[in-house]
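Below is run.cif, which holds mmCIF, C-alpha atoms and all ligand atoms.
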data_upload
#
loop_
_atom_site.label_atom_id
_atom_site.label_comp_id
_atom_site.auth_asym_id
_atom_site.auth_seq_id
_atom_site.Cartn_x
_atom_site.Cartn_y
_atom_site.Cartn_z
CA MET A 28 10.45 34.37 93.17
CA THR A 29 13.88 33.36 94.40
CA GLY A 30 14.66 32.68 98.05
CA ASP A 31 16.94 35.78 98.13
CA ASN A 32 14.16 38.04 96.95
CA LEU A 33 11.76 36.61 99.47
CA GLY A 34 14.28 37.14 102.26
CA PHE A 35 14.76 40.75 101.14
CA LEU A 36 11.03 41.37 101.13
CA VAL A 37 10.57 39.84 104.58
CA GLY A 38 13.46 42.01 105.86
CA LEU A 39 11.88 45.12 104.35
CA LEU A 40 8.52 44.28 105.87
CA ALA A 41 10.10 43.73 109.26
CA LEU A 42 11.89 47.08 108.97
CA LEU A 43 8.64 48.79 108.06
CA ILE A 44 6.88 47.21 111.01
CA VAL A 45 9.66 48.32 113.36
CA MET A 46 9.53 51.91 111.97
CA LEU A 47 5.75 51.98 112.30
CA ALA A 48 5.98 50.72 115.87
CA LEU A 49 8.57 53.39 116.66
CA LEU A 50 6.36 56.08 115.12
CA LEU A 51 3.33 54.82 117.00
CA HIS A 52 5.29 54.77 120.21
CA ALA A 53 6.44 58.36 119.65
CA GLN A 54 2.84 59.45 118.93
CA ILE A 55 1.57 57.69 122.05
CA ALA A 56 4.33 59.34 124.13
CA GLN A 57 3.39 62.79 122.78
CA ARG A 58 -0.31 62.12 123.35
CA ARG A 59 0.43 61.00 126.92
CA ALA A 60 2.49 64.14 127.50
CA LEU A 61 -0.45 66.22 126.23
CA SER A 62 -2.93 64.37 128.47
CA ARG A 63 -0.61 64.84 131.47
CA TRP A 64 -0.46 68.57 130.77
CA LEU A 65 -4.22 68.86 130.26
CA VAL A 66 -4.80 67.18 133.64
CA LYS A 67 -2.23 69.49 135.27
CA PRO A 68 -2.19 72.69 133.18
CA GLU A 69 -0.02 74.54 135.71
CA SER A 70 2.91 72.19 134.79
CA GLU A 71 5.35 72.95 131.92
CA ILE A 72 3.98 72.44 128.43
CA PRO A 73 5.93 69.48 126.94
CA ASP A 74 8.28 69.96 123.97
CA GLY A 75 6.73 68.57 120.84
CA ARG A 76 8.32 66.64 118.07
CA GLY A 77 7.31 66.40 114.44
CA PRO A 78 3.71 67.50 113.78
CA TRP A 79 3.23 67.78 117.56
CA ARG A 80 5.73 70.63 117.70
CA GLU A 81 3.23 72.97 116.02
CA VAL A 82 0.40 71.81 118.29
CA PHE A 83 2.48 72.36 121.44
CA SER A 84 3.84 75.73 120.31
CA LEU A 85 0.26 76.88 119.58
CA LEU A 86 -0.73 75.67 123.03
CA GLN A 87 2.23 77.49 124.55
CA ARG A 88 1.24 80.73 122.84
CA ARG A 89 -2.37 80.35 123.97
CA GLU A 90 -1.24 79.60 127.49
CA LYS A 91 0.84 82.76 127.59
CA GLU A 92 -2.13 84.81 126.36
CA VAL A 93 -4.41 83.28 128.98
CA SER A 94 -1.84 83.99 131.72
CA ARG A 95 -1.54 87.59 130.52
CA ASP A 96 -5.36 88.00 130.49
CA MET A 97 -5.61 86.47 133.93
CA ALA A 98 -2.96 88.80 135.32
CA ARG A 99 -4.78 91.75 133.76
CA LEU A 100 -8.07 90.55 135.27
CA VAL A 101 -6.52 90.09 138.70
CA ARG A 102 -5.01 93.60 138.47
CA SER A 103 -8.40 95.07 137.47
CA LEU A 104 -10.10 93.20 140.29
CA ASP A 105 -7.50 94.48 142.76
CA HIS A 106 -7.99 98.00 141.45
CA PHE A 107 -11.75 97.67 141.74
CA ARG A 108 -11.45 96.37 145.30
CA LEU A 109 -9.01 99.10 146.28
CA ALA A 110 -11.30 101.76 144.76
CA THR A 111 -14.35 100.26 146.51
CA GLN A 112 -12.39 100.09 149.76
CA ALA A 113 -11.61 103.80 149.45
CA LEU A 114 -15.29 104.74 148.98
CA PRO A 115 -16.82 106.66 151.87
CA ASP A 116 -20.04 104.69 151.23
CA GLY A 117 -20.48 101.10 152.33
CA VAL A 118 -20.75 98.36 149.70
CA ILE A 119 -21.82 94.78 150.45
CA LEU A 120 -22.09 92.19 147.67
CA LEU A 121 -24.81 89.65 148.35
CA ASP A 122 -25.59 86.48 146.41
CA ASP A 123 -29.11 85.60 145.22
CA GLN A 124 -29.91 84.10 148.65
CA THR A 125 -28.58 87.27 150.41
CA HIS A 126 -25.42 85.61 151.78
CA ILE A 127 -22.56 88.09 152.14
CA ASP A 128 -19.89 87.61 149.42
CA TRP A 129 -17.73 90.64 150.10
CA MET A 130 -17.88 94.08 151.73
CA ASN A 131 -15.72 97.18 151.95
CA ALA A 132 -14.29 98.95 154.98
CA ALA A 133 -17.10 101.52 155.25
CA ALA A 134 -19.77 98.78 155.34
CA ILE A 135 -17.76 96.94 158.00
CA GLN A 136 -17.74 100.13 160.07
CA HIS A 137 -21.43 101.01 159.50
CA PHE A 138 -22.76 97.60 160.50
CA GLY A 139 -19.97 96.43 162.86
CA LEU A 140 -19.21 93.40 160.66
CA ASP A 141 -16.08 91.33 160.04
CA LEU A 142 -15.25 90.11 156.53
CA GLN A 143 -13.51 86.88 157.68
CA ARG A 144 -16.16 85.98 160.20
CA ASP A 145 -19.29 87.13 158.37
CA ALA A 146 -18.64 86.23 154.71
CA GLY A 147 -21.14 83.53 153.72
CA THR A 148 -23.65 84.54 156.43
CA LEU A 149 -27.17 85.68 155.56
CA VAL A 150 -27.21 89.48 155.80
CA GLY A 151 -30.56 89.38 157.66
CA GLN A 152 -28.88 87.47 160.50
CA LEU A 153 -26.36 90.29 160.95
CA ILE A 154 -28.57 93.37 160.40
CA ARG A 155 -31.38 92.47 162.70
CA GLN A 156 -33.80 95.40 162.49
CA GLY A 157 -37.36 94.39 161.58
CA GLU A 158 -37.63 97.27 159.09
CA PHE A 159 -34.54 96.01 157.28
CA HIS A 160 -36.00 92.50 157.05
CA ALA A 161 -39.24 93.91 155.60
CA TYR A 162 -37.22 96.06 153.17
CA LEU A 163 -35.11 93.09 152.07
CA SER A 164 -38.17 90.84 151.55
CA ALA A 165 -39.99 93.53 149.56
CA PHE A 166 -36.90 94.01 147.38
CA ARG A 167 -36.50 90.27 146.75
CA GLU A 168 -40.15 90.04 145.77
CA HIS A 169 -39.97 92.80 143.16
CA ARG A 170 -36.23 93.10 142.41
CA GLY A 171 -37.01 96.57 141.18
CA GLU A 172 -36.00 100.10 142.09
CA SER A 173 -36.37 100.80 145.77
CA GLU A 174 -36.25 103.91 147.91
CA PRO A 175 -33.43 104.16 150.49
CA LEU A 176 -34.26 103.08 154.03
CA GLN A 177 -32.91 104.86 157.13
CA LEU A 178 -31.70 102.69 159.98
CA ASN A 179 -30.59 103.67 163.46
CA LEU A 180 -27.50 101.58 164.15
CA SER A 181 -25.01 101.42 166.96
CA ALA A 182 -21.97 99.50 165.78
CA GLY A 183 -18.91 99.56 168.02
CA GLY A 184 -20.65 101.81 170.55
CA THR A 185 -21.23 104.63 168.00
CA ALA A 186 -24.83 105.60 167.32
CA ARG A 187 -25.35 106.29 163.62
CA VAL A 188 -28.17 106.94 161.20
CA VAL A 189 -27.39 104.95 158.07
CA SER A 190 -29.28 105.13 154.82
CA VAL A 191 -29.28 101.78 153.00
CA LEU A 192 -30.22 101.02 149.42
CA LEU A 193 -30.56 97.67 147.63
CA ILE A 194 -29.73 97.45 143.93
CA PRO A 195 -29.97 94.37 141.68
CA PHE A 196 -26.74 93.51 139.89
CA ALA A 197 -25.44 90.79 137.57
CA ASP A 198 -27.98 87.98 137.15
CA ALA A 199 -29.29 87.50 140.63
CA GLY A 200 -26.77 89.31 142.84
CA ILE A 201 -27.70 92.18 145.16
CA LEU A 202 -25.66 95.26 145.96
CA LEU A 203 -26.30 96.74 149.42
CA LEU A 204 -25.11 100.34 149.65
CA SER A 205 -24.93 102.21 152.94
CA ARG A 206 -24.29 105.87 153.71
CA ASP A 207 -23.75 107.55 157.06
CA VAL A 208 -26.43 110.29 157.22
CA THR A 209 -26.18 111.02 160.96
CA GLU A 210 -25.39 114.72 160.44
CA LEU A 211 -28.08 115.10 157.82
CA ALA A 212 -30.66 113.43 160.07
CA ARG A 213 -29.66 115.73 162.94
CA THR A 214 -30.15 118.90 160.88
CA GLU A 215 -33.41 117.49 159.54
CA VAL A 216 -34.66 117.09 163.13
CA ILE A 217 -33.60 120.68 163.89
CA ARG A 218 -35.43 121.90 160.78
CA ARG A 219 -38.59 119.99 161.65
CA ASP A 220 -38.54 121.21 165.26
CA PHE A 221 -38.01 124.76 164.08
CA VAL A 222 -40.96 124.65 161.67
CA ALA A 223 -43.17 123.01 164.28
CA ASN A 224 -42.20 125.57 166.95
CA VAL A 225 -42.60 128.60 164.70
CA SER A 226 -46.00 127.39 163.49
CA HIS A 227 -47.08 126.71 167.04
CA GLU A 228 -45.87 130.11 168.29
CA LEU A 229 -47.60 131.92 165.43
CA ARG A 230 -50.94 130.36 166.20
CA THR A 231 -51.85 132.43 169.25
CA PRO A 232 -50.97 135.91 167.88
CA LEU A 233 -52.77 135.05 164.66
CA THR A 234 -55.91 133.98 166.49
CA VAL A 235 -55.84 137.26 168.42
CA ILE A 236 -55.38 139.36 165.26
CA SER A 237 -58.16 137.52 163.35
CA GLY A 238 -60.50 137.73 166.33
CA PHE A 239 -60.02 141.46 166.87
CA LEU A 240 -60.25 142.20 163.16
CA GLU A 241 -63.60 140.43 163.04
CA GLN A 242 -64.81 142.21 166.16
CA PHE A 243 -63.59 145.57 164.89
CA ALA A 244 -65.35 145.07 161.53
CA SER A 245 -68.66 144.32 163.24
CA ASP A 246 -68.38 146.92 166.08
CA HIS A 247 -67.00 149.79 164.02
CA PRO A 248 -67.77 149.17 160.35
CA PRO A 249 -65.55 151.61 158.47
CA ALA A 250 -67.37 154.37 156.66
CA GLY A 251 -65.21 154.82 153.58
CA GLU A 252 -65.00 152.35 150.66
CA ALA A 253 -61.18 152.25 150.81
CA ALA A 254 -61.11 151.52 154.56
CA ARG A 255 -63.72 148.75 154.08
CA LYS A 256 -61.55 147.23 151.36
CA HIS A 257 -58.43 147.41 153.50
CA LEU A 258 -60.16 145.80 156.45
CA ALA A 259 -61.51 143.00 154.23
CA LEU A 260 -58.03 142.49 152.80
CA MET A 261 -56.54 142.28 156.29
CA ALA A 262 -59.15 139.72 157.32
CA ASP A 263 -58.47 137.71 154.12
CA GLN A 264 -54.72 137.66 154.69
CA ALA A 265 -55.15 136.78 158.37
CA ASP A 266 -57.33 133.87 157.22
CA ARG A 267 -54.70 132.80 154.74
CA MET A 268 -52.01 132.88 157.43
CA ASN A 269 -54.23 130.82 159.70
CA ARG A 270 -54.62 128.21 156.96
CA LEU A 271 -50.88 128.25 156.32
CA VAL A 272 -50.06 127.74 160.00
CA ALA A 273 -52.67 124.99 160.27
CA ASP A 274 -51.19 123.18 157.23
CA LEU A 275 -47.64 123.61 158.53
CA LEU A 276 -48.66 122.11 161.87
CA THR A 277 -50.42 119.21 160.13
CA LEU A 278 -47.30 118.55 158.04
CA SER A 279 -45.03 118.76 161.10
CA ARG A 280 -47.21 116.32 163.00
CA LEU A 281 -47.14 113.87 160.08
CA GLU A 282 -43.37 114.19 159.69
CA ASN A 283 -42.53 113.92 163.36
CA ASP A 284 -44.89 111.08 164.12
CA GLY A 285 -42.68 107.99 164.14
CA GLN A 286 -45.69 105.81 164.93
CA PRO A 287 -47.74 104.16 162.17
CA PRO A 288 -51.14 105.78 161.53
CA LYS A 289 -54.11 104.76 163.63
CA SER A 290 -55.66 101.48 162.60
CA GLU A 291 -59.29 102.53 162.30
CA VAL A 292 -61.83 101.02 159.94
CA ILE A 293 -62.66 103.92 157.63
CA ASP A 294 -66.00 103.94 155.87
CA VAL A 295 -64.61 105.56 152.70
CA PRO A 296 -67.98 105.84 150.87
CA GLY A 297 -69.38 107.68 153.92
CA LEU A 298 -66.28 109.87 154.15
CA LEU A 299 -66.61 110.80 150.48
CA VAL A 300 -70.18 111.98 150.99
CA ALA A 301 -68.89 114.45 153.60
CA ILE A 302 -65.90 115.52 151.45
CA LEU A 303 -68.15 116.11 148.41
CA ALA A 304 -70.52 118.19 150.55
CA GLU A 305 -67.58 120.41 151.59
CA ALA A 306 -66.41 120.59 147.97
CA ARG A 307 -69.89 121.77 146.92
CA VAL A 308 -69.60 124.65 149.37
CA LEU A 309 -66.16 125.53 147.93
CA SER A 310 -67.44 125.23 144.36
CA ALA A 311 -70.49 127.40 145.13
CA GLY A 312 -72.47 125.70 142.36
CA LYS A 313 -69.87 126.41 139.69
CA HIS A 314 -68.89 122.78 139.03
CA ASN A 315 -70.48 119.48 138.37
CA LEU A 316 -69.38 117.20 141.22
CA VAL A 317 -70.01 113.49 140.74
CA ALA A 318 -69.29 110.27 142.62
CA SER A 319 -68.73 107.61 139.97
CA GLY A 320 -67.99 104.04 140.94
CA ILE A 321 -67.88 104.08 144.73
CA GLU A 322 -67.47 100.52 146.01
CA ALA A 323 -68.47 99.54 149.54
CA VAL A 324 -64.88 98.83 150.54
CA MET A 325 -63.56 99.84 153.96
CA LEU A 326 -60.01 101.06 154.47
CA GLN A 327 -57.78 100.45 157.45
CA GLY A 328 -55.90 103.58 158.55
CA GLY A 329 -56.09 106.94 160.31
CA ARG A 330 -59.50 108.49 159.60
CA GLU A 331 -58.46 112.11 160.09
CA GLU A 332 -55.33 111.73 157.98
CA ILE A 333 -57.22 110.09 155.12
CA ARG A 334 -59.94 112.71 155.35
CA SER A 335 -57.31 115.43 155.07
CA ALA A 336 -55.56 113.76 152.09
CA PHE A 337 -58.72 112.97 150.09
CA GLY A 338 -60.17 116.40 151.00
CA ASN A 339 -57.03 118.15 149.69
CA LEU A 340 -57.18 116.29 146.37
CA VAL A 341 -60.88 117.12 145.89
CA SER A 342 -60.47 120.77 146.91
CA ASN A 343 -57.52 121.11 144.48
CA ALA A 344 -59.70 119.71 141.68
CA VAL A 345 -62.35 122.34 142.46
CA ARG A 346 -59.80 125.17 142.74
CA TYR A 347 -58.02 124.34 139.49
CA THR A 348 -61.10 123.73 137.37
CA ALA A 349 -62.88 126.55 135.62
CA GLU A 350 -66.59 127.20 136.07
CA GLY A 351 -68.75 124.58 134.34
CA GLY A 352 -66.11 121.84 134.66
CA THR A 353 -66.67 118.37 136.07
CA ILE A 354 -64.99 116.71 139.06
CA ALA A 355 -65.51 112.96 139.49
CA VAL A 356 -64.37 110.87 142.44
CA SER A 357 -64.20 107.08 142.61
CA TRP A 358 -63.16 104.45 145.16
CA LYS A 359 -62.54 100.94 143.87
CA SER A 360 -60.82 97.70 144.65
CA GLU A 361 -58.61 97.01 141.61
CA PRO A 362 -55.94 94.38 140.90
CA ARG A 363 -53.23 96.99 141.71
CA GLY A 364 -54.82 97.79 145.10
CA LEU A 365 -57.51 100.02 146.62
CA VAL A 366 -57.71 103.12 144.47
CA PHE A 367 -59.17 106.54 145.21
CA THR A 368 -59.25 108.82 142.15
CA VAL A 369 -60.21 112.42 141.55
CA THR A 370 -60.56 113.38 137.92
CA ASP A 371 -61.16 116.95 136.83
CA THR A 372 -61.62 118.74 133.54
CA GLY A 373 -59.50 121.63 134.81
CA ILE A 374 -56.44 123.56 133.71
CA GLY A 375 -54.08 120.55 133.78
CA ILE A 376 -50.38 120.52 134.62
CA PRO A 377 -47.45 120.60 132.17
CA LYS A 378 -45.50 117.31 132.25
CA GLU A 379 -42.23 118.84 133.50
CA HIS A 380 -43.89 119.95 136.77
CA LEU A 381 -45.33 116.54 137.71
CA PRO A 382 -42.27 115.11 139.52
CA ARG A 383 -42.06 118.15 141.86
CA LEU A 384 -45.75 118.66 142.67
CA THR A 385 -45.58 117.17 146.17
CA GLU A 386 -42.70 119.40 147.30
CA ARG A 387 -43.60 121.99 149.91
CA PHE A 388 -44.67 125.31 148.38
CA TYR A 389 -44.14 124.04 144.85
CA ARG A 390 -46.60 125.75 142.57
CA VAL A 391 -47.07 125.37 138.83
CA ASP A 392 -48.44 128.88 138.60
CA LYS A 393 -47.82 131.07 141.66
CA GLY A 394 -50.44 133.72 140.85
CA ARG A 395 -53.14 131.18 140.20
CA SER A 396 -52.45 129.21 143.38
CA ALA A 397 -52.57 132.33 145.59
CA ALA A 398 -55.77 133.46 143.89
CA THR A 399 -57.44 130.12 144.66
CA GLY A 400 -56.48 130.37 148.32
CA GLY A 401 -53.91 127.58 148.29
CA THR A 402 -51.16 127.28 150.89
CA GLY A 403 -48.80 125.30 148.65
CA LEU A 404 -48.74 122.50 151.22
CA GLY A 405 -51.77 120.44 150.20
CA LEU A 406 -50.00 117.84 148.07
CA ALA A 407 -47.08 117.61 150.53
CA ILE A 408 -49.64 116.64 153.20
CA VAL A 409 -51.23 114.14 150.79
CA LYS A 410 -47.83 112.58 150.06
CA HIS A 411 -46.98 112.15 153.75
CA VAL A 412 -50.35 110.69 154.64
CA LEU A 413 -50.11 108.20 151.78
CA LEU A 414 -46.52 107.26 152.68
CA ARG A 415 -47.65 106.50 156.22
CA HIS A 416 -50.30 104.19 154.78
CA GLN A 417 -47.84 102.50 152.36
CA ALA A 418 -49.81 104.06 149.53
CA ARG A 419 -48.57 106.02 146.52
CA LEU A 420 -49.83 109.02 144.60
CA GLU A 421 -50.15 108.75 140.81
CA VAL A 422 -50.77 111.87 138.75
CA MET A 423 -51.82 112.00 135.12
CA SER A 424 -52.49 115.35 133.57
CA GLU A 425 -52.86 117.07 130.25
CA LEU A 426 -52.48 120.79 129.96
CA GLY A 427 -55.81 122.46 129.27
CA ARG A 428 -57.72 119.17 129.49
CA GLY A 429 -57.61 118.15 133.13
CA SER A 430 -55.92 115.92 135.67
CA THR A 431 -56.40 112.64 137.48
CA PHE A 432 -54.90 112.17 140.93
CA ALA A 433 -54.98 108.58 142.20
CA ALA A 434 -54.12 107.33 145.69
CA VAL A 435 -53.23 103.63 145.44
CA PHE A 436 -53.30 101.64 148.71
CA PRO A 437 -52.01 98.09 149.12
CA ALA A 438 -54.86 95.55 149.00
CA SER A 439 -53.86 94.45 152.51
CA ARG A 440 -55.37 97.73 153.80
CA ALA A 441 -58.90 96.59 152.89
CA ALA A 442 -60.93 96.12 156.08
CA ALA A 443 -64.09 94.26 156.91
CA PRO A 444 -67.00 96.54 157.92
CA PRO A 445 -67.11 96.94 161.73
P1 LIG B 501 -51.72 124.75 146.47
O1 LIG B 501 -52.14 125.13 147.82
O2 LIG B 501 -50.87 125.76 145.79
O3 LIG B 501 -52.85 124.26 145.66
P2 LIG B 501 -50.85 122.03 146.50
O4 LIG B 501 -49.70 121.39 147.18
O5 LIG B 501 -52.20 121.52 146.83
O6 LIG B 501 -50.71 123.57 146.73
O7 LIG B 501 -50.63 121.86 144.94
C1 LIG B 501 -49.38 122.16 144.37
C2 LIG B 501 -49.56 122.70 142.96
O8 LIG B 501 -50.03 121.65 142.11
C3 LIG B 501 -50.62 123.76 142.86
O9 LIG B 501 -50.06 125.03 143.10
C4 LIG B 501 -51.10 123.63 141.44
O10 LIG B 501 -50.25 124.36 140.56
C5 LIG B 501 -50.90 122.16 141.13
N1 LIG B 501 -52.18 121.39 141.22
C6 LIG B 501 -52.60 120.64 142.25
N2 LIG B 501 -53.77 120.04 141.97
C7 LIG B 501 -54.09 120.41 140.72
C8 LIG B 501 -55.19 120.11 139.83
N3 LIG B 501 -56.19 119.30 140.19
N4 LIG B 501 -55.17 120.68 138.60
C9 LIG B 501 -54.16 121.50 138.22
N5 LIG B 501 -53.10 121.81 139.00
C10 LIG B 501 -53.06 121.27 140.23
#

Mind converting the file's structure to structure tokens?
Ligand code: ADP
Amino acid sequence: MTGDNLGFLVGLLALLIVMLALLLHAQIAQRRALSRWLVKPESEIPDGRGPWREVFSLLQRREKEVSRDMARLVRSLDHFRLATQALPDGVILLDDQTHIDWMNAAAIQHFGLDLQRDAGTLVGQLIRQGEFHAYLSAFREHRGESEPLQLNLSAGGTARVVSVLLIPFADAGILLLSRDVTELARTEVIRRDFVANVSHELRTPLTVISGFLEQFASDHPPAGEAARKHLALMADQADRMNRLVADLLTLSRLENDGQPPKSEVIDVPGLLVAILAEARVLSAGKHNLVASGIEAVMLQGGREEIRSAFGNLVSNAVRYTAEGGTIAVSWKSEPRGLVFTVTDTGIGIPKEHLPRLTERFYRVDKGRSAATGGTGLGLAIVKHVLLRHQARLEVMSELGRGSTFAAVFPASRAAAPP
């Protein structure tokens, strides 16, 4: 190889190296620009050169899309907040630990809160009622459906009755809804007072009528068959009205009693012996009444209330079971709590009626209930008594085959024998 050729080759190599270095430098500059943008994405996306142009223009397009989506999201969020603000009901968003995240104007008014000051605070530190704390703890334990709780509040000098409800949302968040039910509570008090007063006022005239009817029937027994029938009918109906008034008064007392039930130690097995004896009188030998599985467990509660509730369930079983049927009662400590059950082989109840059974005067079959001497208030009394004892009523029934009514008490109501 000649010296000229060698010189040419060296020159070419040097040129190549310089071009490569320039290219490398350009690549490094573009890569640096990209890194700078990634660290600070709010800055301008750099202009790209060569193959980088496509990368940067793709990034630019993506960035625009993300900005558009963000703007849409912010708009939706604003809309949602505005809509929630306009709600007449209060809404408080709580995190999994029950710190306040956000609340609307109605909630602020109901509880006398301040979004700036109270955001991030535990809701239990701001709503201080003991019943609310118990409600919140029970909800956090189960995170299931809960019944609304009524609270008497006085925020900003205004006394209010507010119904609150906790609902699980998202993964672990909690939604606290509140509704001003002051007016509703006021009319409810008027209704209760009215029923209590009417029942009370009816008692005396009814006692007089029943008494004189009885006396009249024994002093002057009517001669004719028709008159005897009419007198018996009058005595029957007066009896029925007496039972109705007595049940109405019991229900009023249970509803109006803000105090928890008495805390007596109830010997349930002993109580059931007495209830079954009464049921035998009602059955008049037409049914097979059995006590199956009675455990020696004592219950803490109001003896008279429990007697009335259990007695109602057993008397219903007798009244809605045809002659020859069986009625079995049991009292057991089970994993789900202390359970009293009455099972009958009676007429049963169609499924669609089950949710409404405990409403006042709700009857599956009006004719049948009147014929069996029912007042239509028995299960309403049972429901109230159980509610007062933190117990629930479970009903299983099959039409034509029979029913099982179970009263389930929390295990904490078990008591040691006195
Ligand atoms: P009533 O005085 O009419 O029996 P309750 O409140 O005790 O009122 O019961 C409500 C309705 O539930 C009854 O009218 C009856 O239709 C139905 N019911 C209650 N217990 C039973 C039962 N063991 N078997 C069938 N139906 C029942």

Show which residues sit within 7 Å of Ile321 (chain A), as a PDB file with C-alpha atoms, in the frame of the given file. Count only C-alpha atoms, and ignore same-chain residues fewer than 4 positions away.
ATOM      1  CA  PRO A 296     -67.980 105.840 150.870  1.00  0.00           C
ATOM      2  CA  SER A 357     -64.200 107.080 142.610  1.00  0.00           C
ATOM      3  CA  TRP A 358     -63.160 104.450 145.160  1.00  0.00           C
ATOM      4  CA  LYS A 359     -62.540 100.940 143.870  1.00  0.00           C
TER       5      LYS A 359
END

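Interatomic distance, CA of Leu203 (chain A) to CA of Arg218 (chain A): 29.1 Å.
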
> Looking at A:Thr402, A:Thr348, A:Thr148, A:Thr29, which one is nearest to Asp274 (chain A), with distances taken over only C-alpha atoms?
Replying inline: A:Thr402

>> Quick check, in Å to one decimal: how far apart do CA of His52 (chain A) and CA of Gln87 (chain A) lie?
In response: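 Taking CA of His52 (chain A) as the start and CA of Gln87 (chain A) as the end point, the length is 23.3 Å.
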
> Could you name the residues that touch Ile293 (chain A) at 10 Å or less, counting all atoms listed in the file, but leaving out those on the same chain fewer than 4 positions away, as number ranges by chain?
Replying inline: A: 297-298, 324-331, 333-334, 441-445

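If all atoms listed in the file are the atoms counted, then among A:Met423, A:Ile72, A:Val435, A:Met261 the closest residue to ligand LIG 501 (chain B) is A:Met423.
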
>> Considering all atoms listed in the file, can you say which of A:Met46, A:Ile354, A:Val308, A:Leu229 comes closest to Ala265 (chain A)?
In response: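 Counting all atoms listed in the file, the residue closest to Ala265 (chain A) is A:Leu229.
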
>> Nearest residue to Val341 (chain A) out of A:Asn269, A:Thr370, A:Ser319, A:Asn32, using all atoms listed in the file?
In response: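 So, comparing all the options, the nearest one is A:Thr370.
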
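What separates CA of Leu149 (chain A) from CA of His106 (chain A) is a distance of 26.8 Å.
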
>> Could you list the protein, DNA and RNA residues that have any atom within 8 Å of ligand LIG 501 (chain B), counting only C-alpha atoms and all ligand atoms, and write them as a VMD selection string?
In response: chain A and resid 339 to 341 343 to 348 370 to 371 373 to 376 384 to 393 395 to 397 399 to 408 424 429 to 432

Expected file: the selected residues, C-alpha atoms, as a PDB file, in the frame of the given file:
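Final output, saved to out-v7.pdb:
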ATOM      1  CA  ASN A 339     -57.030 118.150 149.690  1.00  0.00           C
ATOM      2  CA  LEU A 340     -57.180 116.290 146.370  1.00  0.00           C
ATOM      3  CA  VAL A 341     -60.880 117.120 145.890  1.00  0.00           C
ATOM      4  CA  ASN A 343     -57.520 121.110 144.480  1.00  0.00           C
ATOM      5  CA  ALA A 344     -59.700 119.710 141.680  1.00  0.00           C
ATOM      6  CA  VAL A 345     -62.350 122.340 142.460  1.00  0.00           C
ATOM      7  CA  ARG A 346     -59.800 125.170 142.740  1.00  0.00           C
ATOM      8  CA  TYR A 347     -58.020 124.340 139.490  1.00  0.00           C
ATOM      9  CA  THR A 348     -61.100 123.730 137.370  1.00  0.00           C
ATOM     10  CA  THR A 370     -60.560 113.380 137.920  1.00  0.00           C
ATOM     11  CA  ASP A 371     -61.160 116.950 136.830  1.00  0.00           C
ATOM     12  CA  GLY A 373     -59.500 121.630 134.810  1.00  0.00           C
ATOM     13  CA  ILE A 374     -56.440 123.560 133.710  1.00  0.00           C
ATOM     14  CA  GLY A 375     -54.080 120.550 133.780  1.00  0.00           C
ATOM     15  CA  ILE A 376     -50.380 120.520 134.620  1.00  0.00           C
ATOM     16  CA  LEU A 384     -45.750 118.660 142.670  1.00  0.00           C
ATOM     17  CA  THR A 385     -45.580 117.170 146.170  1.00  0.00           C
ATOM     18  CA  GLU A 386     -42.700 119.400 147.300  1.00  0.00           C
ATOM     19  CA  ARG A 387     -43.600 121.990 149.910  1.00  0.00           C
ATOM     20  CA  PHE A 388     -44.670 125.310 148.380  1.00  0.00           C
ATOM     21  CA  TYR A 389     -44.140 124.040 144.850  1.00  0.00           C
ATOM     22  CA  ARG A 390     -46.600 125.750 142.570  1.00  0.00           C
ATOM     23  CA  VAL A 391     -47.070 125.370 138.830  1.00  0.00           C
ATOM     24  CA  ASP A 392     -48.440 128.880 138.600  1.00  0.00           C
ATOM     25  CA  LYS A 393     -47.820 131.070 141.660  1.00  0.00           C
ATOM     26  CA  ARG A 395     -53.140 131.180 140.200  1.00  0.00           C
ATOM     27  CA  SER A 396     -52.450 129.210 143.380  1.00  0.00           C
ATOM     28  CA  ALA A 397     -52.570 132.330 145.590  1.00  0.00           C
ATOM     29  CA  THR A 399     -57.440 130.120 144.660  1.00  0.00           C
ATOM     30  CA  GLY A 400     -56.480 130.370 148.320  1.00  0.00           C
ATOM     31  CA  GLY A 401     -53.910 127.580 148.290  1.00  0.00           C
ATOM     32  CA  THR A 402     -51.160 127.280 150.890  1.00  0.00           C
ATOM     33  CA  GLY A 403     -48.800 125.300 148.650  1.00  0.00           C
ATOM     34  CA  LEU A 404     -48.740 122.500 151.220  1.00  0.00           C
ATOM     35  CA  GLY A 405     -51.770 120.440 150.200  1.00  0.00           C
ATOM     36  CA  LEU A 406     -50.000 117.840 148.070  1.00  0.00           C
ATOM     37  CA  ALA A 407     -47.080 117.610 150.530  1.00  0.00           C
ATOM     38  CA  ILE A 408     -49.640 116.640 153.200  1.00  0.00           C
ATOM     39  CA  SER A 424     -52.490 115.350 133.570  1.00  0.00           C
ATOM     40  CA  GLY A 429     -57.610 118.150 133.130  1.00  0.00           C
ATOM     41  CA  SER A 430     -55.920 115.920 135.670  1.00  0.00           C
ATOM     42  CA  THR A 431     -56.400 112.640 137.480  1.00  0.00           C
ATOM     43  CA  PHE A 432     -54.900 112.170 140.930  1.00  0.00           C
TER      44      PHE A 432
END

> Mind listing as a VMD selection string all residues within 12 Å of (-24.9, 87.8, 156.2), counting all atoms listed in the file?
Replying inline: chain A and resid 119 to 130 135 138 to 155 203

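Excluding Ala113 (chain A) itself and same-chain residues fewer than 3 positions from it, the residues having an atom within 10 Å of it are Phe107, Arg108, Leu109, Ala110, Asp116, Gly117, Asn131, Ala132 and Ala133 of chain A, counting all atoms listed in the file.
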